Amino acid sequence: MFRTSLTDGLHSTSIEGLLEHYSPNILPEPPKTSIFRMIFNQLKDFMVIILLIATVVTAAEKDFKGMGVLLFVIVLNTIIGFTQEYKANKALAALEKLSVPKAQVIRDGEQIIVDSSQLVPGDIVVLEEGDAIPADLRIVECSRLEVIESILTGESLPVSKSTKKILTSTRNLPLGDCKGNAFMSTVVAKGRGKGLVVRTGNDTEVRNN
């Protein structure tokens with residue numbers, strides 16, 4: 001479907017048009033939220049608003065002990081919510097660092113090194129031990145190829161890859177069971193192989209997982 005050759009790769013003359021069609025292979029910059037905005041987001045929560053109203057009513061009745069308890073609950077809730085949102089934003093920011101700067105590809109029958117942002121679906125990527133995988137790939141050739149996919153699956157043990165087709169009745173196969181695929185920002189732990197680029201940038205599993 002990509003009009004490529006597993007031995008010669010894409011023709012260099014087709015790259016520009018493919019980049020225009022698919023866009024560069026880069027992960028989008030996540031939105032950045034200020035600390036004050038994150039705190040404000042917690043105070044907008046419906047339950048917090050109810051507690052604030054209750055605090056005002058309690059203060060008006062001069063029940064300062066009850067007011068103190070309510071204020072403590074509000075502060076605690078805000079701290080917990082802020083911490084969770086802050087960690088989530090840090091995780092999103094980490095996506096910026098997951099892009100692989102360089103990749104070995106075969107184009108015009110020659111193995112060359114290119115900026116990974118210039119990869120397009122149809123490119124043939126050469127994988128070696130220690131390489132970070134620069135895009136989502138379909139494995140087309142491998143020799144004892146094992147990939148660490150903990151960034152996607154949480155599993156620390158490497159996964160053995162294969163060129164064999166997977167026969168299954170479901171289309172929602174867990175990533176760890178996708179033996180014929182390798183995913184952007186995972187790492188080759190052992191062996192070598194080649195992969196056909198099938199998804200880049202914003203369409204990759206690391207972006208949508």
# chains A, B, ... in the order shown; residues from 1 in each chain; ligands from 1
call {"tool": "residues_around", "arguments": {"residues": "region 31-39 of chain A", "least_positions_apart": "6", "cutoff": "10 Å", "atoms": "only C-alpha atoms", "output": "PyMOL selection string"}}
result
chain A and resi 78-79+81-86+89-90+92-93
call {"tool": "residues_around", "arguments": {"residues": "region 113-125 of chain A", "least_positions_apart": "5", "cutoff": "9 Å", "atoms": "only C-alpha atoms", "output": "PyMOL selection string"}}
result
chain A and resi 1-10+15-16+18-19+22-26+99-107+133-135+137+140+193-201
call {"tool": "atom_distance", "arguments": {"atom1": "CA of Ile80 (chain A)", "atom2": "CA of Ala59 (chain A)"}}
result
24.6 Å
call {"tool": "residues_around", "arguments": {"residues": "Val188 (chain A)", "least_positions_apart": "5", "cutoff": "8 Å", "atoms": "only C-alpha atoms", "output": "JSON, numbers by chain"}}
result
{"A": [127, 128, 129, 130, 131, 132, 133, 145, 146, 147, 148]}
call {"tool": "select_by_dssp", "arguments": {"residues": "region 1-97 of chain A", "states": "alpha helix (DSSP H)", "output": "VMD selection string"}}
result
chain A and resid 15 to 22 35 to 43 46 to 60 64 to 94
call {"tool": "select_by_dssp", "arguments": {"residues": "region 68-188 of chain A", "states": "strand (DSSP E)", "output": "MDAnalysis selection string"}}
result
chainID A and resid 102:107 110:115 124:127 136:148 159:160 181:182 187:188
call {"tool": "write_last_selection", "arguments": {"atoms": "C-alpha atoms", "output": "PDB file, in the first residue's frame"}}
result
ATOM      1  CA  LYS A 102      18.139  10.063  13.992  1.00  0.00           C
ATOM      2  CA  ALA A 103      17.160   6.901  12.127  1.00  0.00           C
ATOM      3  CA  GLN A 104      18.816   4.445   9.776  1.00  0.00           C
ATOM      4  CA  VAL A 105      16.730   3.952   6.658  1.00  0.00           C
ATOM      5  CA  ILE A 106      17.011   2.399   3.240  1.00  0.00           C
ATOM      6  CA  ARG A 107      16.256   4.766   0.369  1.00  0.00           C
ATOM      7  CA  GLU A 110      21.227   2.607   0.075  1.00  0.00           C
ATOM      8  CA  GLN A 111      21.337   2.594   3.876  1.00  0.00           C
ATOM      9  CA  ILE A 112      21.569   6.165   5.151  1.00  0.00           C
ATOM     10  CA  ILE A 113      21.030   8.112   8.367  1.00  0.00           C
ATOM     11  CA  VAL A 114      18.285  10.733   8.324  1.00  0.00           C
ATOM     12  CA  ASP A 115      16.604  13.032  10.807  1.00  0.00           C
ATOM     13  CA  ILE A 124      12.315   0.930   5.643  1.00  0.00           C
ATOM     14  CA  VAL A 125      14.041   1.431   9.002  1.00  0.00           C
ATOM     15  CA  VAL A 126      17.117  -0.592   9.996  1.00  0.00           C
ATOM     16  CA  LEU A 127      17.102  -1.650  13.656  1.00  0.00           C
ATOM     17  CA  ASP A 136       5.551   2.742  14.524  1.00  0.00           C
ATOM     18  CA  LEU A 137       6.818  -0.151  12.412  1.00  0.00           C
ATOM     19  CA  ARG A 138       5.700  -3.444  10.917  1.00  0.00           C
ATOM     20  CA  ILE A 139       8.587  -5.872  11.335  1.00  0.00           C
ATOM     21  CA  VAL A 140       9.618  -7.216   7.912  1.00  0.00           C
ATOM     22  CA  GLU A 141      12.934  -8.826   8.832  1.00  0.00           C
ATOM     23  CA  CYS A 142      14.423  -9.809  12.175  1.00  0.00           C
ATOM     24  CA  SER A 143      17.086 -11.890  13.855  1.00  0.00           C
ATOM     25  CA  ARG A 144      16.569 -12.520  17.583  1.00  0.00           C
ATOM     26  CA  LEU A 145      14.954  -9.104  17.807  1.00  0.00           C
ATOM     27  CA  GLU A 146      13.742  -8.116  21.280  1.00  0.00           C
ATOM     28  CA  VAL A 147      12.261  -4.731  22.208  1.00  0.00           C
ATOM     29  CA  ILE A 148      11.676  -3.078  25.578  1.00  0.00           C
ATOM     30  CA  VAL A 159       9.355  -8.622  23.956  1.00  0.00           C
ATOM     31  CA  SER A 160      10.480 -10.965  21.191  1.00  0.00           C
ATOM     32  CA  ASN A 181       5.068  -4.511  15.339  1.00  0.00           C
ATOM     33  CA  ALA A 182       7.488  -2.139  17.034  1.00  0.00           C
ATOM     34  CA  VAL A 187      14.145   0.433  22.553  1.00  0.00           C
ATOM     35  CA  VAL A 188      15.834  -2.509  20.844  1.00  0.00           C
TER      36      VAL A 188
END
call {"tool": "atom_distance", "arguments": {"atom1": "CA of Ser12 (chain A)", "atom2": "CA of Ser162 (chain A)"}}
result
28.2 Å
call {"tool": "residues_around", "arguments": {"residues": "Gly176 (chain A)", "least_positions_apart": "2", "cutoff": "9 Å", "atoms": "only C-alpha atoms", "output": "list in words"}}
result
Glu149, Leu152, Thr153, Glu155, Val159, Leu173, Pro174, Cys178 and Lys179 of chain A
call {"tool": "write_last_selection", "arguments": {"atoms": "N, CA and C atoms", "output": "compact mmCIF listing (two decimals), in the first residue's frame"}}
result
# COMPACT_ATOMS: atom_id res chain seq x y z
N GLU A 149 9.35 -2.43 25.79
CA GLU A 149 8.16 -1.60 25.54
C GLU A 149 7.54 -1.06 26.82
N LEU A 152 5.15 1.89 27.06
CA LEU A 152 3.77 1.72 26.60
C LEU A 152 2.99 0.73 27.45
N THR A 153 3.66 -0.35 27.86
CA THR A 153 2.94 -1.44 28.53
C THR A 153 3.22 -1.54 30.02
N GLU A 155 5.66 -3.17 31.18
CA GLU A 155 6.42 -4.41 31.36
C GLU A 155 7.91 -4.14 31.15
N VAL A 159 10.31 -7.81 24.72
CA VAL A 159 9.35 -8.62 23.96
C VAL A 159 10.01 -9.10 22.68
N LEU A 173 -6.00 -5.87 19.84
CA LEU A 173 -4.96 -6.70 20.42
C LEU A 173 -4.10 -5.86 21.36
N PRO A 174 -3.84 -6.35 22.59
CA PRO A 174 -2.96 -5.60 23.49
C PRO A 174 -1.60 -5.36 22.84
N CYS A 178 1.45 -7.64 20.22
CA CYS A 178 1.70 -7.28 18.81
C CYS A 178 3.14 -7.63 18.45
N LYS A 179 3.42 -8.91 18.28
CA LYS A 179 4.78 -9.38 18.06
C LYS A 179 5.36 -8.92 16.72
call {"tool": "closest_residue", "arguments": {"among": "A:Ile74, A:Ala60, A:Leu27, A:Leu157", "to": "Phe46 (chain A)", "atoms": "only C-alpha atoms"}}
result
A:Ile74
call {"tool": "atom_distance", "arguments": {"atom1": "CA of Val69 (chain A)", "atom2": "CA of Thr55 (chain A)"}}
result
8.9 Å
